[in-house]
Amino acid sequence: MQDWFHIATHLPAPHLANDMAHNNNSRKIVMHFTEGNTGLGQARNIAQYVIREKKNYHMVIDLTTGEYVQIVPASGGSRSLLNGGINNGVGCNRSGELCVQIAICGKTSNAKTIMAKAGHHNWNKLVQWADTLQIPRINLSTNGRNTHQWNLSGWADHYSAPGNNHTDGLHDKTFLATIPFNKDRKVNRYKITAKVGAETRTILNRDGYPADHPDGWTLNPNQAKEFPEGRIRDENIPHVANWINRKGYTITSITTT
């Protein structure tokens with residue numbers, strides 16, 4: 001895992017006590033818009049402000065200038081959401097194994113203009129950095145601030161956070177179109193079945209777990225929400241194989257879908 005985005009300027013914040021995400025095994029990125037200005041130096045200004053206020057994002061970025069300022073390592077916690085209890089009193093900021101929060105300089109209403117420039121300013125590298133954190137390219141955006149959806153792994157936004165009332169983030173769906181989510185990615189996909197006793201069953205990704213987690217796979221369709229159709233991306237084949245070997249199951253078929 002790459003804790004620091006390699007092209008970002010580091011502006012480390014003082015450690016905030018008890019700030020680690022921890023209440024489940026999910027991994028997510030939460031996107032914010034600052035609802036302010038863009039321009040050279042703006043990302044650093046916002047980063048310095050949230051450090052003073054002890055309301056850190058992990059990173060502040062300006063996609064109109066290519067300025068990336070990272071405050072907190074990915075494995076650390078931040079405090080940029082209203083922390084309404086969503087799981088035994090544990091709030092959104094501490095929801096999951098990783099809950100990486102990133103602020104985009106600018107207004108949600110200008111997302112189309114901002115994101116039109118993102119491709120020229122290393123946006124694709126940021127998405128790839130999220131891949132190294134084992135954050136799946138799954139869209140968790142929901143208008144209903146659904147707790148179950150929030151507790152899955154993937155890409156979320158302030159607009160979807162339970163217990164929050166902000167509407168910045170992915171409310172403007174032009175932002176979503178810039179992220180190649182799994183359903184749209186041009187990669188090989190496979191369906192793997194395994195023999196369990198006298199039964200042959202499909203292997204599925206467990207709800208809320210990254211693919212490389214030791215318990216990230218299941219045979220129970222009730223536990224599989226991220227890839228219920230049984231499709232497994234090619235980069236996850238080794239993780240499935242490790243899980244199958246550890247469970248002592250026998251592969252009966254691997255087919256492309």
# chains A, B, ... in the order shown; residues from 1 in each chain; ligands from 1
call {"tool": "residues_around", "arguments": {"residues": "A:Trp217", "least_positions_apart": "2", "cutoff": "9 Å", "atoms": "only C-alpha atoms", "output": "PyMOL selection string"}}
result
chain A and resi 203-207+209-215+219+224+239-240+243-244
call {"tool": "write_last_selection", "arguments": {"atoms": "C-alpha atoms", "output": "CSV table (one decimal), in the first residue's frame"}}
result
chain,number,residue,atom,x,y,z
A,203,ILE,CA,-17.2,-18.0,-5.7
A,204,LEU,CA,-18.2,-14.4,-4.9
A,205,ASN,CA,-16.6,-11.3,-3.5
A,206,ARG,CA,-17.7,-10.8,0.1
A,207,ASP,CA,-19.7,-7.7,0.8
A,209,TYR,CA,-14.1,-6.7,1.9
A,210,PRO,CA,-11.3,-5.9,-0.4
A,211,ALA,CA,-10.4,-8.7,-2.8
A,212,ASP,CA,-7.0,-9.4,-1.1
A,213,HIS,CA,-8.4,-9.7,2.4
A,214,PRO,CA,-8.0,-13.3,3.8
A,215,ASP,CA,-11.8,-13.5,4.1
A,219,LEU,CA,-19.8,-19.1,-1.6
A,224,ALA,CA,-22.0,-11.0,-1.8
A,239,HIS,CA,-6.5,-13.8,-4.3
A,240,VAL,CA,-9.3,-16.2,-5.2
A,243,TRP,CA,-8.7,-18.4,-0.6
A,244,ILE,CA,-9.6,-21.6,-2.4
call {"tool": "select_by_dssp", "arguments": {"residues": "stretch 38-229 of chain A", "states": "strand (DSSP E or B)", "output": "ChimeraX atom specification"}}
result
/A:59-62,67-70,85-87,90-91,98-104,139,154-157,189-196,199-202,204-205,217-218
call {"tool": "closest_residue", "arguments": {"among": "A:Arg201, A:His6, A:His158, A:Lys191", "to": "A:Ser141", "atoms": "only C-alpha atoms"}}
result
A:His158
call {"tool": "residues_around", "arguments": {"residues": "A:Ala103", "least_positions_apart": "6", "cutoff": "9 Å", "atoms": "only C-alpha atoms", "output": "ChimeraX atom specification"}}
result
/A:30-34,43,57-62,169
call {"tool": "write_last_selection", "arguments": {"atoms": "N, CA and C atoms", "output": "CSV table (one decimal), in the first residue's frame"}}
result
chain,number,residue,atom,x,y,z
A,30,VAL,N,-13.6,8.9,0.0
A,30,VAL,CA,-14.7,9.9,0.1
A,30,VAL,C,-14.3,11.2,-0.6
A,31,MET,N,-15.1,11.6,-1.6
A,31,MET,CA,-14.8,12.8,-2.3
A,31,MET,C,-15.6,14.0,-1.8
A,32,HIS,N,-15.0,15.1,-1.6
A,32,HIS,CA,-15.6,16.4,-1.3
A,32,HIS,C,-15.3,17.4,-2.3
A,33,PHE,N,-16.2,18.4,-2.4
A,33,PHE,CA,-15.8,19.6,-3.1
A,33,PHE,C,-15.7,20.7,-2.1
A,34,THR,N,-14.7,21.6,-2.2
A,34,THR,CA,-14.6,22.7,-1.2
A,34,THR,C,-15.7,23.7,-1.3
A,43,ALA,N,-5.1,24.9,-3.2
A,43,ALA,CA,-5.1,23.6,-2.5
A,43,ALA,C,-4.3,23.7,-1.2
A,57,TYR,N,-8.6,16.8,5.9
A,57,TYR,CA,-8.8,15.8,4.8
A,57,TYR,C,-7.5,15.0,4.7
A,58,HIS,N,-7.5,13.9,4.0
A,58,HIS,CA,-6.2,13.3,3.7
A,58,HIS,C,-5.5,14.1,2.7
A,59,MET,N,-6.2,14.6,1.7
A,59,MET,CA,-5.6,15.4,0.6
A,59,MET,C,-6.5,16.4,0.1
A,60,VAL,N,-5.9,17.5,-0.4
A,60,VAL,CA,-6.7,18.6,-1.1
A,60,VAL,C,-6.1,18.7,-2.5
A,61,ILE,N,-6.9,18.7,-3.5
A,61,ILE,CA,-6.4,18.8,-4.9
A,61,ILE,C,-7.1,19.8,-5.7
A,62,ASP,N,-6.4,20.4,-6.6
A,62,ASP,CA,-7.0,21.4,-7.6
A,62,ASP,C,-6.8,20.8,-9.0
A,169,GLY,N,-20.0,16.9,-3.6
A,169,GLY,CA,-19.4,15.6,-4.0
A,169,GLY,C,-20.0,15.1,-5.3
call {"tool": "select_by_dssp", "arguments": {"residues": "stretch 34-238 of chain A", "states": "helix (DSSP H, G or I)", "output": "VMD selection string"}}
result
chain A and resid 42 to 53 92 to 94 108 to 118 123 to 132 147 to 150 158 to 160 176 to 178 182 to 184 221 to 223 234 to 238
call {"tool": "write_last_selection", "arguments": {"atoms": "C-alpha atoms", "output": "PDB file, in the first residue's frame"}}
result
ATOM      1  CA  GLN A  42      -5.633  27.266  -3.483  1.00  0.00           C
ATOM      2  CA  ALA A  43      -5.136  23.607  -2.525  1.00  0.00           C
ATOM      3  CA  ARG A  44      -2.329  24.530  -0.142  1.00  0.00           C
ATOM      4  CA  ASN A  45      -4.425  27.325   1.377  1.00  0.00           C
ATOM      5  CA  ILE A  46      -7.304  24.941   2.070  1.00  0.00           C
ATOM      6  CA  ALA A  47      -4.912  22.331   3.472  1.00  0.00           C
ATOM      7  CA  GLN A  48      -3.410  24.868   5.876  1.00  0.00           C
ATOM      8  CA  TYR A  49      -6.887  25.968   6.932  1.00  0.00           C
ATOM      9  CA  VAL A  50      -8.177  22.482   7.773  1.00  0.00           C
ATOM     10  CA  ILE A  51      -4.959  21.711   9.673  1.00  0.00           C
ATOM     11  CA  ARG A  52      -5.540  24.786  11.843  1.00  0.00           C
ATOM     12  CA  GLU A  53      -9.162  23.796  12.379  1.00  0.00           C
ATOM     13  CA  CYS A  92     -18.467   8.157   9.240  1.00  0.00           C
ATOM     14  CA  ASN A  93     -14.891   9.404   9.681  1.00  0.00           C
ATOM     15  CA  ARG A  94     -13.943   6.109  11.293  1.00  0.00           C
ATOM     16  CA  THR A 108     -19.959  20.971  -7.175  1.00  0.00           C
ATOM     17  CA  SER A 109     -22.027  23.022  -9.619  1.00  0.00           C
ATOM     18  CA  ASN A 110     -18.842  23.517 -11.694  1.00  0.00           C
ATOM     19  CA  ALA A 111     -17.865  19.834 -11.641  1.00  0.00           C
ATOM     20  CA  LYS A 112     -18.252  19.433 -15.405  1.00  0.00           C
ATOM     21  CA  THR A 113     -15.786  22.242 -16.117  1.00  0.00           C
ATOM     22  CA  ILE A 114     -13.365  21.092 -13.405  1.00  0.00           C
ATOM     23  CA  MET A 115     -13.360  17.454 -14.459  1.00  0.00           C
ATOM     24  CA  ALA A 116     -12.857  18.399 -18.122  1.00  0.00           C
ATOM     25  CA  LYS A 117      -9.398  19.589 -17.059  1.00  0.00           C
ATOM     26  CA  ALA A 118      -8.681  16.687 -14.687  1.00  0.00           C
ATOM     27  CA  TRP A 123      -6.429  12.492 -12.286  1.00  0.00           C
ATOM     28  CA  ASN A 124      -5.797   9.035 -13.770  1.00  0.00           C
ATOM     29  CA  LYS A 125      -2.781   8.635 -11.467  1.00  0.00           C
ATOM     30  CA  LEU A 126      -4.937   9.426  -8.441  1.00  0.00           C
ATOM     31  CA  VAL A 127      -7.434   6.753  -9.459  1.00  0.00           C
ATOM     32  CA  GLN A 128      -4.556   4.303  -9.900  1.00  0.00           C
ATOM     33  CA  TRP A 129      -3.221   5.273  -6.465  1.00  0.00           C
ATOM     34  CA  ALA A 130      -6.606   4.285  -5.039  1.00  0.00           C
ATOM     35  CA  ASP A 131      -6.116   0.907  -6.727  1.00  0.00           C
ATOM     36  CA  THR A 132      -2.885   0.414  -4.757  1.00  0.00           C
ATOM     37  CA  THR A 147     -25.812   3.113   5.912  1.00  0.00           C
ATOM     38  CA  HIS A 148     -25.442  -0.310   4.287  1.00  0.00           C
ATOM     39  CA  GLN A 149     -24.152   1.238   1.070  1.00  0.00           C
ATOM     40  CA  TRP A 150     -21.754   3.459   3.027  1.00  0.00           C
ATOM     41  CA  HIS A 158     -20.023  13.696   1.207  1.00  0.00           C
ATOM     42  CA  TYR A 159     -23.456  13.829  -0.383  1.00  0.00           C
ATOM     43  CA  SER A 160     -23.986  10.139   0.464  1.00  0.00           C
ATOM     44  CA  LEU A 176     -18.824   9.960 -11.810  1.00  0.00           C
ATOM     45  CA  ALA A 177     -18.272   9.730 -15.538  1.00  0.00           C
ATOM     46  CA  THR A 178     -14.551  10.428 -15.047  1.00  0.00           C
ATOM     47  CA  ASN A 182     -15.481  -1.919 -12.523  1.00  0.00           C
ATOM     48  CA  LYS A 183     -18.604  -2.458 -14.597  1.00  0.00           C
ATOM     49  CA  ASP A 184     -17.091  -0.323 -17.362  1.00  0.00           C
ATOM     50  CA  PRO A 221     -24.774 -15.225  -2.360  1.00  0.00           C
ATOM     51  CA  ASN A 222     -26.376 -13.504   0.637  1.00  0.00           C
ATOM     52  CA  GLN A 223     -22.926 -12.237   1.633  1.00  0.00           C
ATOM     53  CA  ASP A 234      -8.345 -10.855 -13.809  1.00  0.00           C
ATOM     54  CA  GLU A 235      -6.167  -9.057 -11.239  1.00  0.00           C
ATOM     55  CA  ASN A 236      -8.099 -10.769  -8.446  1.00  0.00           C
ATOM     56  CA  ILE A 237      -7.560 -14.346  -9.667  1.00  0.00           C
ATOM     57  CA  PRO A 238      -4.513 -14.900  -7.349  1.00  0.00           C
TER      58      PRO A 238
END
call {"tool": "residues_around", "arguments": {"residues": "A:Lys195", "least_positions_apart": "5", "cutoff": "6 Å", "atoms": "only C-alpha atoms", "output": "PyMOL selection string"}}
result
chain A and resi 200+249-250
call {"tool": "atom_distance", "arguments": {"atom1": "atom CA of A:Ala156", "atom2": "atom CA of A:Gly91"}}
result
14.9 Å
